[in-house]
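K.L.:
Below is the file final_2.tsv, which contains TSV, C-alpha atoms and all ligand atoms.
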chain	number	residue	atom	x	y	z
A	228	MET	CA	0.00	0.00	0.00
A	229	ASP	CA	2.71	2.44	-0.93
A	230	MET	CA	0.18	4.83	-2.35
A	231	LEU	CA	-1.06	5.43	1.18
A	232	SER	CA	2.22	6.92	2.33
A	233	CYS	CA	1.82	9.87	4.59
A	234	HIS	CA	3.58	12.38	2.39
A	235	TYR	CA	1.85	11.17	-0.74
A	236	LEU	CA	-1.67	11.78	0.48
A	237	HIS	CA	-0.85	14.77	2.61
A	238	SER	CA	0.60	16.54	-0.39
A	239	ARG	CA	-2.47	15.55	-2.42
A	240	LEU	CA	-4.79	16.98	0.19
A	241	LYS	CA	-2.91	20.25	0.19
A	242	LEU	CA	-2.74	20.54	-3.57
A	243	ASN	CA	-6.22	19.55	-4.59
A	244	GLU	CA	-9.27	21.29	-3.28
A	245	THR	CA	-12.13	20.28	-5.51
A	246	LYS	CA	-15.40	21.72	-4.29
A	247	MET	CA	-18.09	19.30	-3.19
A	248	SER	CA	-20.73	18.88	-5.80
A	249	SER	CA	-24.05	17.08	-5.64
A	250	ARG	CA	-24.86	14.62	-8.42
A	251	GLY	CA	-28.45	15.31	-9.44
A	252	HIS	CA	-30.50	12.43	-8.16
A	253	SER	CA	-34.29	12.69	-7.89
A	254	ILE	CA	-35.62	13.09	-4.35
A	255	PRO	CA	-36.90	9.78	-2.94
A	256	PRO	CA	-40.37	9.81	-1.28
A	257	ASP	CA	-38.96	9.16	2.20
A	258	GLU	CA	-36.91	12.32	2.02
A	259	ARG	CA	-39.85	14.49	0.96
A	260	LEU	CA	-41.03	14.20	4.55
A	261	MET	CA	-37.97	16.11	5.72
A	262	THR	CA	-37.56	19.87	5.97
A	263	PRO	CA	-35.57	21.50	3.17
A	264	GLU	CA	-32.74	22.31	5.56
A	265	LEU	CA	-32.49	18.75	6.82
A	266	MET	CA	-32.74	17.51	3.23
A	267	ARG	CA	-29.87	19.74	2.18
A	268	ARG	CA	-27.65	18.58	4.99
A	269	LEU	CA	-28.57	14.93	4.53
A	270	SER	CA	-27.70	15.20	0.85
A	271	LEU	CA	-24.34	16.70	1.69
A	272	ILE	CA	-23.52	13.83	3.99
A	273	GLN	CA	-24.75	11.00	1.82
A	274	ARG	CA	-24.34	11.86	-1.82
A	275	LEU	CA	-21.42	14.11	-2.37
A	276	THR	CA	-18.17	13.36	-4.05
A	277	GLY	CA	-15.33	15.83	-3.75
A	278	PHE	CA	-13.22	17.68	-1.21
A	279	HIS	CA	-14.27	19.47	1.96
A	280	ALA	CA	-12.25	21.59	4.35
A	281	ALA	CA	-12.36	21.18	8.13
A	282	THR	CA	-15.45	23.10	9.19
A	283	ASP	CA	-18.37	22.97	11.59
A	284	VAL	CA	-20.77	24.40	9.00
A	285	HIS	CA	-22.30	20.95	8.50
A	286	GLY	CA	-21.99	19.88	12.11
A	287	ARG	CA	-19.45	18.78	14.63
A	288	TYR	CA	-18.32	15.62	12.82
A	289	ASN	CA	-16.08	17.49	10.40
A	290	ARG	CA	-14.86	20.27	12.67
A	291	HIS	CA	-11.40	18.74	12.73
A	292	ARG	CA	-11.35	16.71	9.52
A	293	GLU	CA	-10.71	17.61	5.91
A	294	GLY	CA	-10.38	15.47	2.84
A	295	TYR	CA	-12.03	13.58	0.03
A	296	VAL	CA	-15.40	11.85	-0.06
A	297	PHE	CA	-16.46	9.39	-2.76
A	298	SER	CA	-20.09	8.26	-2.94
A	299	ASN	CA	-21.80	5.48	-4.87
A	300	GLY	CA	-18.79	4.47	-6.93
A	301	GLU	CA	-18.18	7.99	-8.25
A	302	MET	CA	-14.71	9.23	-9.01
A	303	PHE	CA	-13.24	12.59	-9.95
A	304	ASP	CA	-10.01	14.18	-11.09
A	305	ALA	CA	-8.07	16.32	-8.70
A	306	GLY	CA	-5.28	18.13	-10.44
A	307	SER	CA	-2.90	15.32	-11.32
A	308	ASP	CA	-2.89	12.59	-13.93
A	309	ASP	CA	-2.57	9.62	-11.64
A	310	PHE	CA	-5.02	10.70	-8.93
A	311	ARG	CA	-7.98	8.88	-10.43
A	312	ASP	CA	-6.01	5.66	-11.02
A	313	ASP	CA	-4.55	5.72	-7.52
A	314	MET	CA	-7.96	6.24	-5.96
A	315	LYS	CA	-9.44	3.39	-8.01
A	316	LYS	CA	-6.67	1.07	-6.82
A	317	LEU	CA	-7.21	2.12	-3.23
A	318	PHE	CA	-10.97	1.65	-3.47
A	319	GLN	CA	-10.50	-1.76	-5.04
A	320	LEU	CA	-8.24	-2.80	-2.18
A	321	MET	CA	-10.57	-1.46	0.52
A	322	HIS	CA	-13.79	-2.76	-0.98
A	323	ASP	CA	-13.09	-5.81	-3.12
A	324	ASP	CA	-10.27	-7.32	-1.10
A	325	VAL	CA	-10.87	-6.29	2.51
A	326	ALA	CA	-14.57	-5.43	2.93
A	327	ASP	CA	-15.99	-8.12	0.68
A	328	GLY	CA	-13.70	-10.70	2.31
A	329	VAL	CA	-15.04	-9.72	5.73
A	330	LEU	CA	-18.66	-9.88	4.55
A	331	ARG	CA	-18.06	-13.39	3.21
A	332	ALA	CA	-16.58	-14.42	6.57
A	333	ILE	CA	-19.72	-13.06	8.29
A	334	GLU	CA	-21.87	-15.05	5.85
A	335	ARG	CA	-20.01	-18.22	6.81
A	336	ARG	CA	-20.29	-17.42	10.52
A	337	LEU	CA	-24.07	-16.92	10.19
A	338	GLU	CA	-24.44	-19.81	7.72
A	339	LEU	CA	-26.27	-17.54	5.30
A	340	LEU	CA	-27.40	-18.92	1.97
A	341	PRO	CA	-27.12	-18.42	-0.91
A	342	GLN	CA	-23.41	-17.68	-1.16
A	343	SER	CA	-22.54	-14.00	-1.48
A	344	TYR	CA	-25.73	-13.24	0.42
A	345	PHE	CA	-24.81	-9.63	1.16
A	346	GLN	CA	-23.97	-8.82	-2.45
A	347	GLN	CA	-27.12	-10.52	-3.71
A	348	GLU	CA	-29.53	-8.97	-1.20
A	349	PHE	CA	-27.90	-5.63	-0.51
A	350	GLY	CA	-25.49	-4.99	-3.36
A	351	PRO	CA	-23.66	-4.48	-5.47
A	352	THR	CA	-22.12	-2.52	-2.61
A	353	ARG	CA	-19.40	-1.29	-4.95
A	354	THR	CA	-21.86	1.29	-6.27
A	355	SER	CA	-23.73	2.05	-3.05
A	356	SER	CA	-20.89	2.50	-0.57
A	357	GLN	CA	-19.09	5.63	0.50
A	358	TRP	CA	-15.44	6.08	1.32
A	359	HIS	CA	-13.33	8.88	2.72
A	360	ILE	CA	-9.73	9.90	2.80
A	361	LYS	CA	-9.48	12.49	5.52
A	362	ARG	CA	-6.88	13.93	7.81
A	363	TYR	CA	-7.35	15.46	11.21
A	364	VAL	CA	-6.56	19.15	11.41
A	365	VAL	CA	-5.73	20.53	14.83
A	366	LYS	CA	-2.93	23.06	14.39
A	367	GLY	CA	-4.17	26.28	12.81
A	368	ASN	CA	-7.79	25.22	13.13
A	369	ASP	CA	-10.01	28.00	14.54
A	370	ASN	CA	-12.23	25.35	16.12
A	371	LYS	CA	-10.82	24.24	19.43
A	372	PRO	CA	-11.43	20.58	20.33
A	373	SER	CA	-14.20	19.98	22.85
A	374	GLU	CA	-13.20	18.26	26.09
A	375	GLN	CA	-14.62	15.27	27.85
A	376	ASP	CA	-13.15	14.11	31.16
A	377	GLY	CA	-9.94	15.95	30.35
A	378	THR	CA	-9.65	14.40	26.88
A	379	GLU	CA	-9.74	16.49	23.71
A	380	ILE	CA	-12.28	15.08	21.26
A	381	LEU	CA	-11.60	15.42	17.53
A	382	LEU	CA	-14.41	13.12	16.35
A	383	PRO	CA	-17.35	12.67	18.74
A	384	ALA	CA	-18.58	9.21	19.70
A	385	HIS	CA	-20.83	7.62	17.08
A	386	THR	CA	-21.66	4.42	15.21
A	387	ASP	CA	-21.44	4.18	11.41
A	388	PRO	CA	-24.62	3.74	9.30
A	389	SER	CA	-23.00	0.88	7.39
A	390	LEU	CA	-22.95	-2.90	7.25
A	391	ILE	CA	-19.28	-2.75	8.14
A	392	SER	CA	-16.64	-0.04	7.95
A	393	VAL	CA	-12.99	-0.55	7.12
A	394	VAL	CA	-10.44	1.89	8.53
A	395	ILE	CA	-6.79	2.08	7.55
A	396	ILE	CA	-4.55	4.68	9.19
A	397	ASP	CA	-1.82	6.11	7.01
A	398	GLN	CA	1.42	4.96	8.59
A	399	VAL	CA	3.85	2.50	7.05
A	400	GLY	CA	3.78	-1.05	8.45
A	401	LYS	CA	2.19	-2.21	11.69
A	402	ASN	CA	2.50	0.08	14.71
A	403	GLU	CA	1.42	0.08	18.34
A	404	GLY	CA	-1.74	1.95	19.37
A	405	GLY	CA	-4.36	3.74	17.33
A	406	MET	CA	-3.21	7.38	17.05
A	407	GLY	CA	-6.29	8.43	19.02
A	408	LEU	CA	-8.87	6.07	17.47
A	409	GLU	CA	-10.83	4.57	20.36
A	410	VAL	CA	-13.64	2.03	20.74
A	411	PHE	CA	-16.14	1.87	23.59
A	412	HIS	CA	-16.00	-1.45	25.39
A	413	GLN	CA	-19.34	-2.16	27.04
A	414	ARG	CA	-19.24	-4.00	30.36
A	415	HIS	CA	-21.61	-6.96	30.74
A	416	CYS	CA	-23.09	-7.90	34.10
A	417	LEU	CA	-23.12	-11.71	34.13
A	418	GLN	CA	-25.56	-11.95	37.06
A	419	THR	CA	-28.28	-9.86	35.42
A	420	SER	CA	-27.28	-10.32	31.74
A	421	THR	CA	-27.44	-6.56	31.31
A	422	LEU	CA	-25.01	-3.99	29.98
A	423	LYS	CA	-23.44	-1.91	32.69
A	424	GLY	CA	-21.20	1.02	31.80
A	425	GLY	CA	-17.93	0.56	30.02
A	426	SER	CA	-14.79	2.41	29.01
A	427	TRP	CA	-12.97	3.80	26.00
A	428	LYS	CA	-9.95	1.89	24.75
A	429	GLU	CA	-7.55	2.82	22.00
A	430	ILE	CA	-7.31	0.29	19.17
A	431	THR	CA	-4.25	-1.89	19.61
A	432	HIS	CA	-2.47	-1.38	16.27
A	433	HIS	CA	-2.53	0.79	13.18
A	434	GLY	CA	-0.76	1.18	9.84
A	435	HIS	CA	-0.86	-0.01	6.26
A	436	GLU	CA	-0.70	-3.63	7.38
A	437	VAL	CA	-3.71	-3.24	9.69
A	438	ALA	CA	-7.34	-2.94	8.63
A	439	VAL	CA	-9.71	-2.07	11.47
A	440	ILE	CA	-13.23	-3.41	10.93
A	441	PHE	CA	-16.16	-1.76	12.69
A	442	ILE	CA	-19.61	-3.36	12.77
A	443	GLY	CA	-22.04	-0.69	11.54
A	444	SER	CA	-25.57	0.06	12.73
A	445	VAL	CA	-27.04	-1.55	9.57
A	446	LEU	CA	-25.61	-4.98	10.41
A	447	SER	CA	-26.60	-4.50	14.02
A	448	TYR	CA	-30.19	-3.80	12.91
A	449	LEU	CA	-30.25	-6.80	10.53
A	450	THR	CA	-29.11	-9.13	13.31
A	451	LYS	CA	-31.30	-7.48	15.97
A	452	GLY	CA	-28.10	-6.80	17.87
A	453	ARG	CA	-27.98	-10.49	18.81
A	454	VAL	CA	-24.81	-11.44	17.04
A	455	TYR	CA	-23.25	-8.15	16.04
A	456	SER	CA	-23.60	-4.82	17.84
A	457	ALA	CA	-22.58	-1.56	16.21
A	458	ALA	CA	-19.13	-0.43	17.35
A	459	ARG	CA	-19.18	2.94	19.09
A	460	HIS	CA	-15.99	4.80	18.34
A	461	ARG	CA	-14.37	8.24	18.51
A	462	VAL	CA	-11.07	9.99	17.86
A	463	VAL	CA	-9.22	11.87	20.57
A	464	ASN	CA	-6.34	14.29	20.12
A	465	TYR	CA	-3.14	12.39	19.58
A	466	LYS	CA	-0.24	14.69	20.29
A	467	SER	CA	2.95	12.69	20.01
A	468	SER	CA	3.10	12.35	16.23
A	469	ASP	CA	4.84	14.62	13.77
A	470	CYS	CA	2.43	13.50	11.06
A	471	ASP	CA	-1.27	14.42	11.37
A	472	MET	CA	-3.43	11.34	11.42
A	473	LEU	CA	-4.81	10.51	8.00
A	474	GLN	CA	-7.46	7.84	7.68
A	475	ASP	CA	-9.01	5.95	4.82
A	476	ASN	CA	-12.57	4.84	5.67
A	477	GLU	CA	-14.73	2.55	3.61
A	478	PHE	CA	-18.40	2.53	4.64
A	479	VAL	CA	-20.03	-0.51	3.06
A	480	ARG	CA	-23.70	0.39	2.79
A	481	PRO	CA	-26.59	-1.33	0.97
A	482	LYS	CA	-28.22	-0.12	-2.22
A	483	GLY	CA	-31.15	2.22	-1.59
A	484	ASN	CA	-33.96	-0.22	-2.42
A	485	ALA	CA	-32.51	-3.16	-0.46
A	486	LYS	CA	-35.05	-4.53	2.01
A	487	MET	CA	-33.99	-4.34	5.65
A	488	ASN	CA	-35.06	-7.87	6.52
A	489	THR	CA	-33.67	-9.66	9.54
A	490	LEU	CA	-30.95	-12.00	8.30
A	491	PRO	CA	-32.32	-15.53	7.76
A	492	SER	CA	-29.82	-17.22	10.05
A	493	ARG	CA	-30.42	-19.64	12.92
A	494	HIS	CA	-27.88	-17.60	14.86
A	495	VAL	CA	-30.04	-14.50	14.55
A	496	MET	CA	-33.69	-15.55	14.47
A	497	VAL	CA	-35.53	-17.07	17.41
A	498	ILE	CA	-38.83	-18.96	17.06
A	499	ASP	CA	-40.93	-15.80	17.44
A	500	ASP	CA	-39.09	-14.17	14.53
A	501	MET	CA	-39.79	-17.08	12.24
A	502	VAL	CA	-43.54	-16.89	12.83
A	503	GLY	CA	-44.84	-14.39	10.33
A	504	ALA	CA	-41.38	-13.82	8.84
A	505	TYR	CA	-42.79	-14.15	5.34
A	506	GLU	CA	-45.35	-11.40	5.92
A	507	LYS	CA	-42.75	-9.16	7.55
A	508	LYS	CA	-40.41	-9.72	4.62
A	509	LYS	CA	-42.97	-8.30	2.19
A	510	THR	CA	-43.45	-5.13	4.20
A	511	ALA	CA	-39.87	-4.51	5.34
A	512	GLN	CA	-38.61	-0.95	4.88
A	513	THR	CA	-35.88	-0.18	2.39
A	514	PHE	CA	-32.37	0.91	3.33
A	515	LEU	CA	-33.18	4.35	1.94
A	516	SER	CA	-36.16	4.67	4.25
A	517	TRP	CA	-34.25	3.34	7.26
A	518	ASN	CA	-31.26	5.54	6.55
A	519	ALA	CA	-33.37	8.67	6.06
A	520	ARG	CA	-34.76	8.18	9.55
A	521	VAL	CA	-31.36	7.47	11.10
A	522	ALA	CA	-29.65	10.29	9.21
A	523	LYS	CA	-32.38	12.71	10.25
A	524	ASN	CA	-31.43	12.11	13.87
A	525	TYR	CA	-27.77	12.37	12.99
A	526	VAL	CA	-28.27	15.70	11.25
A	527	LYS	CA	-30.41	16.97	14.13
A	528	ARG	CA	-27.61	16.14	16.55
A	529	ASN	CA	-25.26	18.05	14.31
A	530	LEU	CA	-27.55	21.05	14.14
A	531	SER	CA	-28.12	21.11	17.87
A	532	VAL	CA	-24.39	21.48	18.43
A	533	THR	CA	-23.62	24.01	15.76
A	534	ASN	CA	-26.63	26.30	16.00
A	601	FE	FE	-17.03	6.39	12.14
The structure given in the file should be rewritten as structure tokens.
Ligand SMILES: [Fe+2]

P.N.:
Amino acid sequence: MDMLSCHYLHSRLKLNETKMSSRGHSIPPDERLMTPELMRRLSLIQRLTGFHAATDVHGRYNRHREGYVFSNGEMFDAGSDDFRDDMKKLFQLMHDDVADGVLRAIERRLELLPQSYFQQEFGPTRTSSQWHIKRYVVKGNDNKPSEQDGTEILLPAHTDPSLISVVIIDQVGKNEGGMGLEVFHQRHCLQTSTLKGGSWKEITHHGHEVAVIFIGSVLSYLTKGRVYSAARHRVVNYKSSDCDMLQDNEFVRPKGNAKMNTLPSRHVMVIDDMVGAYEKKKTAQTFLSWNARVAKNYVKRNLSVTN
């Protein structure tokens, strides 16, 4: 993964500032229920391909991040001949090699049939996913990091609206720690079988030889949280590096009209789920509908912080 070298992408991010541009899709019925302002912000989050600077204009999630966003298999040129080819290679690695390999492992774990269940029912995810290359900007940023228990927060705690997310941090090789990327570890009370508090822990390793996989809220929903729970994560200020953290994130999300049916696995369904499953299957909401509802809350949280 030489193309992910720190200096390579950092120089790209400095050189190329292509403005975000919306690709003119028609407005789906679910989104007509939203206010124009929420619609506009939702569109910015979900459909854009291009560059954005670190700003809190669209909420707190990008206050300290800048970089490229690619949606739904779209690509663009950014000032140099090999940019497009490099990005295609990177996307192929993240999606075809890593993400699809993980989804197939999950299919085996859940004994899902037919083979390639996720691609058949929810894909092709190659043209419905979103991926980012972003770096964290702290020095020279007018926005000061918020603090929580004495820790500076660069990316607030959240779960990803994806089946799975793949994260690779731009450092050569395999290195100790996570450069500030943390996951919330929930504590289970064995006596009462309930969740009881927890703590934030930095991921153990990072670098080009390490792909971090987060379970997203889509997979959590499809398994009723019984097998896979969405990973809550955040990024805190990491001060001991001379190279700003740069991350490549692949959010594997379903196509818009995919039905959000509970996965037909004996590891997921209990007897009650199987009764009436056929009827439920016919009336299941689409990913677009589900995501519009989830994103609406996400955007509201953004607005409540920035306004
Ligand atoms: Fe995330």

K.L.:
Separation of atom CA of Pro481 of chain A and atom CA of Ser516 of chain A, in Å?

P.N.:
11.8 Å

K.L.:
Which is closer to ligand FE 601 (chain A) than all the others in A:Ile430, A:Leu320, A:Val296, A:Leu408, using all atoms listed in the file?

P.N.:
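With all atoms listed in the file as the atom set, the closest residue is A:Leu408.
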
K.L.:
Using only C-alpha atoms, which protein or nucleic acid residues come within 12 Å of segment 326-341 of chain A? Drop anything in the same chain fewer than 5 positions from it, and give the result as a ChimeraX atom specification.

P.N.:
/A:318-321,346-353,356,358,389-395,438-442,446,449-450,453-455,476-480,489-496

K.L.:
Pick out the closest residue to Leu515 of chain A from this set: A:Pro388, A:Val284, A:Gly407, A:Val462. Count all atoms listed in the file.

P.N.:
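Residue with the minimum atom-to-atom distance to Leu515 of chain A: A:Pro388.
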
K.L.:
Per residue of chain A within 7 Å of ligand FE 601 (chain A), note the shortest atom pair and the distance in Å to one decimal, counting all atoms listed in the file, and order the rows by chain and increasing residue number, as JSON lines.

P.N.:
{"residue": "A:His385", "atom": "CA", "partner": "A:FE601", "partner_atom": "FE", "distance": 6.4}
{"residue": "A:Thr386", "atom": "CA", "partner": "A:FE601", "partner_atom": "FE", "distance": 5.9}
{"residue": "A:Asp387", "atom": "CA", "partner": "A:FE601", "partner_atom": "FE", "distance": 5.0}
{"residue": "A:His460", "atom": "CA", "partner": "A:FE601", "partner_atom": "FE", "distance": 6.5}

K.L.:
Axis-aligned box over every listed atom of segment 515-518 of chain A, padded by 6 Å per side: centre and edges in Å to one decimal, as AutoDock Vina command-line options?

P.N.:
--center_x -33.7 --center_y 4.4 --center_z 4.6 --size_x 16.9 --size_y 14.2 --size_z 17.3

K.L.:
With only C-alpha atoms as the basis for distance, which of A:Leu381, A:Met472, A:Met314, A:Ile360 is at the shortest distance from Gly405 of chain A?

P.N.:
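Under the stated criterion, the closest residue is A:Met472.
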
K.L.:
Using all atoms listed in the file, can you tell me which of A:Gln357, A:Phe345, A:Tyr363, A:Arg292 comes closest to Arg274 of chain A?

P.N.:
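Smallest distance to Arg274 of chain A is found for A:Gln357.
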
K.L.:
List as a PyMOL selection string the protein and nucleic acid residues near segment 398-401 of chain A, meaning an atom at most 6 Å away when all atoms listed in the file are counted, but skip any in the same chain fewer than 5 places from it.

P.N.:
chain A and resi 433-436

K.L.:
Quote the spacing between atom CA of Ser298 of chain A and atom CA of Thr276 of chain A in Å to one decimal place.

P.N.:
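Here the two named atoms are 5.6 Å from each other.
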
K.L.:
Given the choices A:Val325, A:Val410, A:Ile380, A:Val445, which gets closest to Asn464 of chain A if the distance is worked out from only C-alpha atoms?

P.N.:
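The closest residue to Asn464 of chain A is A:Ile380.
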
K.L.:
Could you check how far atom CA of Asp283 of chain A sits from atom CA of Val365 of chain A, in Å to one decimal?

P.N.:
13.3 Å
